[in-house]
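Engineer: I'm passing along start05.pdb; it holds PDB, C-alpha atoms and all ligand atoms.
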ATOM      1  CA  MET A   1       0.000   0.000   0.000  1.00  0.00           C
ATOM      2  CA  ASN A   2       1.190   3.462  -0.828  1.00  0.00           C
ATOM      3  CA  ASP A   3       2.428   5.789   1.897  1.00  0.00           C
ATOM      4  CA  TYR A   4       0.369   8.707   0.604  1.00  0.00           C
ATOM      5  CA  ASP A   5       1.430  11.048   3.406  1.00  0.00           C
ATOM      6  CA  ALA A   6       5.085  10.625   2.466  1.00  0.00           C
ATOM      7  CA  LEU A   7       4.311  10.913  -1.256  1.00  0.00           C
ATOM      8  CA  ARG A   8       2.353  14.099  -0.719  1.00  0.00           C
ATOM      9  CA  ALA A   9       5.072  15.641   1.442  1.00  0.00           C
ATOM     10  CA  ARG A  10       7.735  14.801  -1.144  1.00  0.00           C
ATOM     11  CA  ILE A  11       5.701  16.266  -3.989  1.00  0.00           C
ATOM     12  CA  ARG A  12       4.944  19.374  -1.957  1.00  0.00           C
ATOM     13  CA  ALA A  13       8.640  19.940  -1.252  1.00  0.00           C
ATOM     14  CA  LEU A  14       9.671  19.357  -4.867  1.00  0.00           C
ATOM     15  CA  THR A  15       6.992  21.474  -6.528  1.00  0.00           C
ATOM     16  CA  ASP A  16       6.799  24.372  -4.085  1.00  0.00           C
ATOM     17  CA  GLY A  17       6.642  27.648  -6.045  1.00  0.00           C
ATOM     18  CA  GLU A  18       6.630  25.940  -9.473  1.00  0.00           C
ATOM     19  CA  THR A  19       3.877  26.975 -11.871  1.00  0.00           C
ATOM     20  CA  ASP A  20       4.978  25.398 -15.161  1.00  0.00           C
ATOM     21  CA  GLU A  21       2.491  22.701 -16.141  1.00  0.00           C
ATOM     22  CA  VAL A  22       4.994  20.377 -17.800  1.00  0.00           C
ATOM     23  CA  ALA A  23       7.523  20.686 -14.979  1.00  0.00           C
ATOM     24  CA  LEU A  24       4.793  19.811 -12.486  1.00  0.00           C
ATOM     25  CA  MET A  25       3.504  16.872 -14.541  1.00  0.00           C
ATOM     26  CA  ALA A  26       6.997  15.463 -15.059  1.00  0.00           C
ATOM     27  CA  THR A  27       7.757  15.655 -11.346  1.00  0.00           C
ATOM     28  CA  LEU A  28       4.470  14.050 -10.345  1.00  0.00           C
ATOM     29  CA  ALA A  29       4.748  11.272 -12.935  1.00  0.00           C
ATOM     30  CA  CYS A  30       8.182  10.367 -11.584  1.00  0.00           C
ATOM     31  CA  GLU A  31       7.333  10.583  -7.898  1.00  0.00           C
ATOM     32  CA  ILE A  32       4.022   8.745  -8.176  1.00  0.00           C
ATOM     33  CA  HIS A  33       5.372   6.030 -10.455  1.00  0.00           C
ATOM     34  CA  HIS A  34       8.199   5.113  -8.102  1.00  0.00           C
ATOM     35  CA  SER A  35       6.058   5.308  -4.973  1.00  0.00           C
ATOM     36  CA  ASP A  36       4.221   2.013  -5.400  1.00  0.00           C
ATOM     37  CA  GLU A  37       4.989  -1.359  -6.969  1.00  0.00           C
ATOM     38  CA  ARG A  38       1.432  -1.608  -8.265  1.00  0.00           C
ATOM     39  CA  PHE A  39       2.088   1.200 -10.742  1.00  0.00           C
ATOM     40  CA  ASP A  40       3.451  -0.011 -14.094  1.00  0.00           C
ATOM     41  CA  TRP A  41       2.645   3.060 -16.192  1.00  0.00           C
ATOM     42  CA  THR A  42       2.071   6.538 -14.782  1.00  0.00           C
ATOM     43  CA  GLY A  43       1.500   9.620 -16.856  1.00  0.00           C
ATOM     44  CA  PHE A  44      -0.503  12.585 -17.996  1.00  0.00           C
ATOM     45  CA  TYR A  45      -2.602  13.244 -21.058  1.00  0.00           C
ATOM     46  CA  ARG A  46      -3.135  16.963 -21.730  1.00  0.00           C
ATOM     47  CA  VAL A  47      -6.133  18.699 -23.263  1.00  0.00           C
ATOM     48  CA  VAL A  48      -4.634  20.273 -26.412  1.00  0.00           C
ATOM     49  CA  ALA A  49      -7.774  20.999 -28.452  1.00  0.00           C
ATOM     50  CA  PRO A  50     -11.526  20.653 -27.980  1.00  0.00           C
ATOM     51  CA  GLU A  51     -12.262  17.011 -27.040  1.00  0.00           C
ATOM     52  CA  LEU A  52      -8.660  15.946 -27.635  1.00  0.00           C
ATOM     53  CA  LEU A  53      -5.972  14.572 -25.316  1.00  0.00           C
ATOM     54  CA  LYS A  54      -2.288  14.309 -26.167  1.00  0.00           C
ATOM     55  CA  ILE A  55       0.439  12.458 -24.285  1.00  0.00           C
ATOM     56  CA  GLY A  56       2.303  14.404 -21.615  1.00  0.00           C
ATOM     57  CA  PRO A  57       5.092  13.488 -19.195  1.00  0.00           C
ATOM     58  CA  TYR A  58       5.064   9.818 -18.208  1.00  0.00           C
ATOM     59  CA  GLN A  59       7.038   6.914 -16.768  1.00  0.00           C
ATOM     60  CA  GLY A  60       6.932   3.386 -18.173  1.00  0.00           C
ATOM     61  CA  GLY A  61       6.716   2.034 -21.702  1.00  0.00           C
ATOM     62  CA  HIS A  62       5.494   4.206 -24.568  1.00  0.00           C
ATOM     63  CA  GLY A  63       1.926   5.463 -24.432  1.00  0.00           C
ATOM     64  CA  CYS A  64      -0.505   6.193 -27.280  1.00  0.00           C
ATOM     65  CA  LEU A  65       0.091   9.755 -28.458  1.00  0.00           C
ATOM     66  CA  VAL A  66      -3.458  10.957 -29.094  1.00  0.00           C
ATOM     67  CA  ILE A  67      -6.731  10.036 -27.357  1.00  0.00           C
ATOM     68  CA  PRO A  68     -10.049  11.681 -28.285  1.00  0.00           C
ATOM     69  CA  PHE A  69     -12.481  12.327 -25.406  1.00  0.00           C
ATOM     70  CA  SER A  70     -14.767   9.721 -27.008  1.00  0.00           C
ATOM     71  CA  ARG A  71     -12.326   6.857 -26.450  1.00  0.00           C
ATOM     72  CA  GLY A  72     -10.908   4.762 -23.660  1.00  0.00           C
ATOM     73  CA  VAL A  73     -10.689   5.226 -19.942  1.00  0.00           C
ATOM     74  CA  CYS A  74      -8.770   8.488 -20.310  1.00  0.00           C
ATOM     75  CA  GLY A  75     -11.451   9.839 -22.637  1.00  0.00           C
ATOM     76  CA  ALA A  76     -14.146   8.876 -20.120  1.00  0.00           C
ATOM     77  CA  ALA A  77     -12.370  10.748 -17.313  1.00  0.00           C
ATOM     78  CA  ALA A  78     -11.942  13.839 -19.505  1.00  0.00           C
ATOM     79  CA  ARG A  79     -15.529  13.693 -20.754  1.00  0.00           C
ATOM     80  CA  THR A  80     -17.193  13.210 -17.362  1.00  0.00           C
ATOM     81  CA  GLY A  81     -14.709  15.048 -15.148  1.00  0.00           C
ATOM     82  CA  GLU A  82     -14.885  12.055 -12.817  1.00  0.00           C
ATOM     83  CA  VAL A  83     -12.334   9.528 -11.600  1.00  0.00           C
ATOM     84  CA  GLN A  84     -12.476   6.217 -13.462  1.00  0.00           C
ATOM     85  CA  ILE A  85     -11.437   3.040 -11.659  1.00  0.00           C
ATOM     86  CA  VAL A  86     -11.321   0.041 -13.963  1.00  0.00           C
ATOM     87  CA  ALA A  87     -10.741  -3.255 -12.149  1.00  0.00           C
ATOM     88  CA  ASP A  88     -10.542  -5.272 -15.383  1.00  0.00           C
ATOM     89  CA  VAL A  89      -9.543  -3.414 -18.542  1.00  0.00           C
ATOM     90  CA  ASP A  90     -10.845  -6.236 -20.756  1.00  0.00           C
ATOM     91  CA  ALA A  91     -14.337  -5.565 -19.423  1.00  0.00           C
ATOM     92  CA  PHE A  92     -14.206  -1.803 -20.220  1.00  0.00           C
ATOM     93  CA  PRO A  93     -15.789  -1.039 -23.600  1.00  0.00           C
ATOM     94  CA  GLY A  94     -13.375   0.942 -25.764  1.00  0.00           C
ATOM     95  CA  HIS A  95     -10.343   0.477 -23.524  1.00  0.00           C
ATOM     96  CA  ILE A  96      -7.197   1.481 -25.404  1.00  0.00           C
ATOM     97  CA  ALA A  97      -4.473  -1.093 -24.811  1.00  0.00           C
ATOM     98  CA  CYS A  98      -1.108   0.655 -24.992  1.00  0.00           C
ATOM     99  CA  ALA A  99       0.539  -2.282 -23.206  1.00  0.00           C
ATOM    100  CA  SER A 100      -0.929  -5.780 -23.375  1.00  0.00           C
ATOM    101  CA  SER A 101       0.319  -6.422 -19.823  1.00  0.00           C
ATOM    102  CA  THR A 102      -2.094  -3.834 -18.327  1.00  0.00           C
ATOM    103  CA  ARG A 103      -4.887  -5.455 -16.273  1.00  0.00           C
ATOM    104  CA  SER A 104      -6.409  -2.529 -14.356  1.00  0.00           C
ATOM    105  CA  GLU A 105      -6.186   1.247 -14.210  1.00  0.00           C
ATOM    106  CA  ILE A 106      -7.240   4.467 -12.561  1.00  0.00           C
ATOM    107  CA  VAL A 107      -7.653   7.748 -14.415  1.00  0.00           C
ATOM    108  CA  LEU A 108      -8.236  11.065 -12.640  1.00  0.00           C
ATOM    109  CA  PRO A 109      -9.218  14.379 -14.195  1.00  0.00           C
ATOM    110  CA  VAL A 110      -6.745  17.202 -13.533  1.00  0.00           C
ATOM    111  CA  PHE A 111      -8.291  20.617 -12.943  1.00  0.00           C
ATOM    112  CA  GLY A 112      -6.541  23.970 -12.921  1.00  0.00           C
ATOM    113  CA  LYS A 113      -7.622  27.475 -11.983  1.00  0.00           C
ATOM    114  CA  GLY A 114     -11.377  27.984 -12.027  1.00  0.00           C
ATOM    115  CA  GLY A 115     -12.060  24.325 -12.721  1.00  0.00           C
ATOM    116  CA  ARG A 116     -10.406  24.360 -16.162  1.00  0.00           C
ATOM    117  CA  LEU A 117      -9.709  20.766 -17.306  1.00  0.00           C
ATOM    118  CA  ILE A 118      -5.938  20.589 -17.877  1.00  0.00           C
ATOM    119  CA  GLY A 119      -5.814  16.881 -18.651  1.00  0.00           C
ATOM    120  CA  VAL A 120      -5.922  13.487 -16.925  1.00  0.00           C
ATOM    121  CA  LEU A 121      -3.571  11.391 -14.824  1.00  0.00           C
ATOM    122  CA  ASP A 122      -3.525   7.755 -15.930  1.00  0.00           C
ATOM    123  CA  ILE A 123      -2.022   5.004 -13.766  1.00  0.00           C
ATOM    124  CA  ASP A 124      -1.945   1.459 -15.137  1.00  0.00           C
ATOM    125  CA  SER A 125      -1.184  -1.770 -13.295  1.00  0.00           C
ATOM    126  CA  ASP A 126      -0.248  -5.220 -14.533  1.00  0.00           C
ATOM    127  CA  ARG A 127      -2.222  -6.540 -11.534  1.00  0.00           C
ATOM    128  CA  PRO A 128      -5.985  -7.023 -11.759  1.00  0.00           C
ATOM    129  CA  ASP A 129      -8.148  -4.811  -9.538  1.00  0.00           C
ATOM    130  CA  ALA A 130      -5.146  -2.842  -8.274  1.00  0.00           C
ATOM    131  CA  PHE A 131      -6.912   0.425  -7.368  1.00  0.00           C
ATOM    132  CA  ASP A 132      -9.489   1.399  -4.767  1.00  0.00           C
ATOM    133  CA  ALA A 133     -11.381   4.424  -3.503  1.00  0.00           C
ATOM    134  CA  GLU A 134      -8.521   5.422  -1.211  1.00  0.00           C
ATOM    135  CA  ASP A 135      -6.165   5.689  -4.193  1.00  0.00           C
ATOM    136  CA  ALA A 136      -8.724   7.912  -5.890  1.00  0.00           C
ATOM    137  CA  THR A 137      -9.211  10.174  -2.863  1.00  0.00           C
ATOM    138  CA  ARG A 138      -5.553  10.528  -1.960  1.00  0.00           C
ATOM    139  CA  MET A 139      -4.387  11.020  -5.547  1.00  0.00           C
ATOM    140  CA  ALA A 140      -7.127  13.591  -6.214  1.00  0.00           C
ATOM    141  CA  ALA A 141      -6.016  15.558  -3.142  1.00  0.00           C
ATOM    142  CA  ILE A 142      -2.436  15.666  -4.435  1.00  0.00           C
ATOM    143  CA  LEU A 143      -3.570  16.794  -7.894  1.00  0.00           C
ATOM    144  CA  GLU A 144      -5.770  19.488  -6.402  1.00  0.00           C
ATOM    145  CA  GLU A 145      -2.978  20.827  -4.226  1.00  0.00           C
ATOM    146  CA  VAL A 146      -0.506  20.978  -7.130  1.00  0.00           C
ATOM    147  CA  PHE A 147      -2.693  22.185 -10.025  1.00  0.00           C
ATOM    148  CA  ASP A 148      -5.408  24.234  -8.320  1.00  0.00           C
ATOM    149  CA  GLY A 149      -3.792  27.594  -9.051  1.00  0.00           C
ATOM    150  CA  ILE A 150      -2.380  26.678 -12.474  1.00  0.00           C
TER     151      ILE A 150
HETATM  152  N1  LIG A 201      -5.493   2.673 -21.278  1.00  0.00           N
HETATM  153  C1  LIG A 201      -5.798   4.022 -21.579  1.00  0.00           C
HETATM  154  C2  LIG A 201      -4.918   4.526 -22.680  1.00  0.00           C
HETATM  155  C3  LIG A 201      -3.654   5.095 -22.230  1.00  0.00           C
HETATM  156  S1  LIG A 201      -2.431   3.994 -22.052  1.00  0.00           S
HETATM  157  O1  LIG A 201      -2.822   2.828 -21.318  1.00  0.00           O
HETATM  158  C4  LIG A 201      -1.033   4.628 -21.505  1.00  0.00           C
HETATM  159  C5  LIG A 201      -7.250   4.246 -21.957  1.00  0.00           C
HETATM  160  O2  LIG A 201      -7.984   3.331 -22.304  1.00  0.00           O
HETATM  161  O3  LIG A 201      -7.638   5.382 -21.899  1.00  0.00           O
END
Could you render the structure as structure tokens?
Structural biologist:
Amino acid sequence: MNDYDALRARIRALTDGETDEVALMATLACEIHHSDERFDWTGFYRVVAPELLKIGPYQGGHGCLVIPFSRGVCGAAARTGEVQIVADVDAFPGHIACASSTRSEIVLPVFGKGGRLIGVLDIDSDRPDAFDAEDATRMAAILEEVFDGI
């Protein structure tokens, strides 16, 4: 289980005073990815045009470069503005398989100043049913703290 208090403190120390979106995403992708053995791919997709996500900073194998809001788990998070927890990716209609080893995933919307949707944070696991409500709550709190004023 992740030590979310330690992760949050580390991220707070590293990102204090930083306002550059890419610098923040790169730092979070690295820190989150290495914080838990369940995480096999950790990264951001950024809103770059209406209804369109493009790959941002990530850790792990290569990710798909472009994801429309209409597709996949990332698209669902961007479209609804709600966290998506998928216990079994094979059971999710329209799941985009970037790595065939992925069994489960969590995708959180990332909001900036005034509730603007900046993008999504996607974490994939090679383990089935790897994510729970606590991951969603704790991760969302970290994202809010870092991107709220951006
Ligand atoms: N699985 C995601 C696509 C992104 S990659 O896994 C890195 C999805 O269905 O949205």
Engineer: Could you tell me, as a PDB file with C-alpha atoms, in the coordinates of the input, exactly which residues end up selected when the PyMOL selection byres (((chain A and resi 26-28) around 8) and not hetatm) is applied to this structure?
Structural biologist:
ATOM      1  CA  ILE A  11       5.701  16.266  -3.989  1.00  0.00           C
ATOM      2  CA  LEU A  14       9.671  19.357  -4.867  1.00  0.00           C
ATOM      3  CA  THR A  15       6.992  21.474  -6.528  1.00  0.00           C
ATOM      4  CA  VAL A  22       4.994  20.377 -17.800  1.00  0.00           C
ATOM      5  CA  ALA A  23       7.523  20.686 -14.979  1.00  0.00           C
ATOM      6  CA  LEU A  24       4.793  19.811 -12.486  1.00  0.00           C
ATOM      7  CA  MET A  25       3.504  16.872 -14.541  1.00  0.00           C
ATOM      8  CA  ALA A  29       4.748  11.272 -12.935  1.00  0.00           C
ATOM      9  CA  CYS A  30       8.182  10.367 -11.584  1.00  0.00           C
ATOM     10  CA  GLU A  31       7.333  10.583  -7.898  1.00  0.00           C
ATOM     11  CA  ILE A  32       4.022   8.745  -8.176  1.00  0.00           C
ATOM     12  CA  PRO A  57       5.092  13.488 -19.195  1.00  0.00           C
ATOM     13  CA  TYR A  58       5.064   9.818 -18.208  1.00  0.00           C
TER      14      TYR A  58
END
Engineer: So what do you get for atom CA of A:Asp20 versus atom CA of A:Ser70, distance-wise?
Structural biologist: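 Distance between the two atoms: 27.9 Å.
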Engineer: Near A:Ala99, counting all atoms listed in the file, which residues have an atom at most 9 Å away, once you skip same-chain residues fewer than 6 positions from it, shown as a ChimeraX atom specification?
Structural biologist: /A:61-63
Engineer: Counting only C-alpha atoms and all ligand atoms, what residues are within 8 Å of ligand LIG 201 (chain A), given as a PyMOL selection string?
Structural biologist: chain A and resi 41-43+62-64+67+71-76+89+94-99+102+105+107+122-124
Engineer: Stretch 16-28 of chain A, all listed atoms, 4 Å padding on each side: what axis-aligned box centre and edge lengths in Å to one decimal come out, as lines of an AutoDock Vina configuration file?
Structural biologist:
center_x = 5.1
center_y = 20.8
center_z = -10.9
size_x = 13.3
size_y = 21.6
size_z = 21.7
Engineer: Between A:Glu145, A:Asp16, A:Asp129, A:Glu37, which one has atoms that come closest to A:Asn2, using only C-alpha atoms?
Structural biologist: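 Checking each candidate against A:Asn2, we get A:Glu37 as the closest.
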Engineer: Could you check the closest approach to A:Tyr4 for each of A:Gly149, A:Thr80, A:Gly115, A:Ala141 and tell me which residue wins, using all atoms listed in the file?
Structural biologist: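 Looking at the shortest contact to A:Tyr4, the residue is A:Ala141.
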Engineer: Which residues, written as a VMD selection string, have at least one atom at most 8 Å from stretch 132-138 of chain A, with all atoms listed in the file counted and residues fewer than 2 positions away on the same chain left out?
Structural biologist: chain A and resid 4 83 85 106 108 129 to 130 140 to 142
Engineer: Taking all atoms listed in the file into account, which of A:Val146, A:Ala77, A:Ala13, A:Leu7 comes nearest A:Gly112?
Structural biologist: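 Closest to A:Gly112 of all the choices is A:Val146.
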Engineer: Dig up all the protein and nucleic acid residues within 6 Å of (-7.0, 14.9, -18.0) in the file frame, using only C-alpha atoms, and format them as a PyMOL selection string.
Structural biologist: chain A and resi 45-46+78+109-110+118-121
Engineer: Counting all atoms listed in the file, which of A:Arg103, A:Thr19, A:Leu117, A:Phe111 gets nearest to A:Leu52?
Structural biologist: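 Using all atoms listed in the file, A:Leu52 sits closest to A:Leu117.
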Engineer: Convert the output of the PyMOL selection byres (((chain A and resi 65) around 6) and not hetatm) on the shown file into explicit residues, formatted as a list in words.
Structural biologist: Lys54, Ile55, Cys64 and Val66 of chain A
Engineer: One decimal, in Å: what's the spacing between atom CA of A:Asp126 and atom CA of A:Ser101?
Structural biologist: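 Computing the Euclidean distance for atom CA of A:Asp126 and atom CA of A:Ser101 yields 5.5 Å.
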Engineer: Rounded to one decimal in Å, what is the spacing between atom CA of A:Phe44 and atom CA of A:Met139?
Structural biologist: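 If I compute the distance from atom CA of A:Phe44 to atom CA of A:Met139, I get 13.1 Å.
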Engineer: Show which residues sit within 6 Å of A:Phe39, as a list of chain:residue names. Count all atoms listed in the file, and ignore same-chain residues fewer than 3 positions away.
Structural biologist: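 Contacts, with the query itself left out: A:His33, A:Asp36, A:Asp124, A:Ser125.
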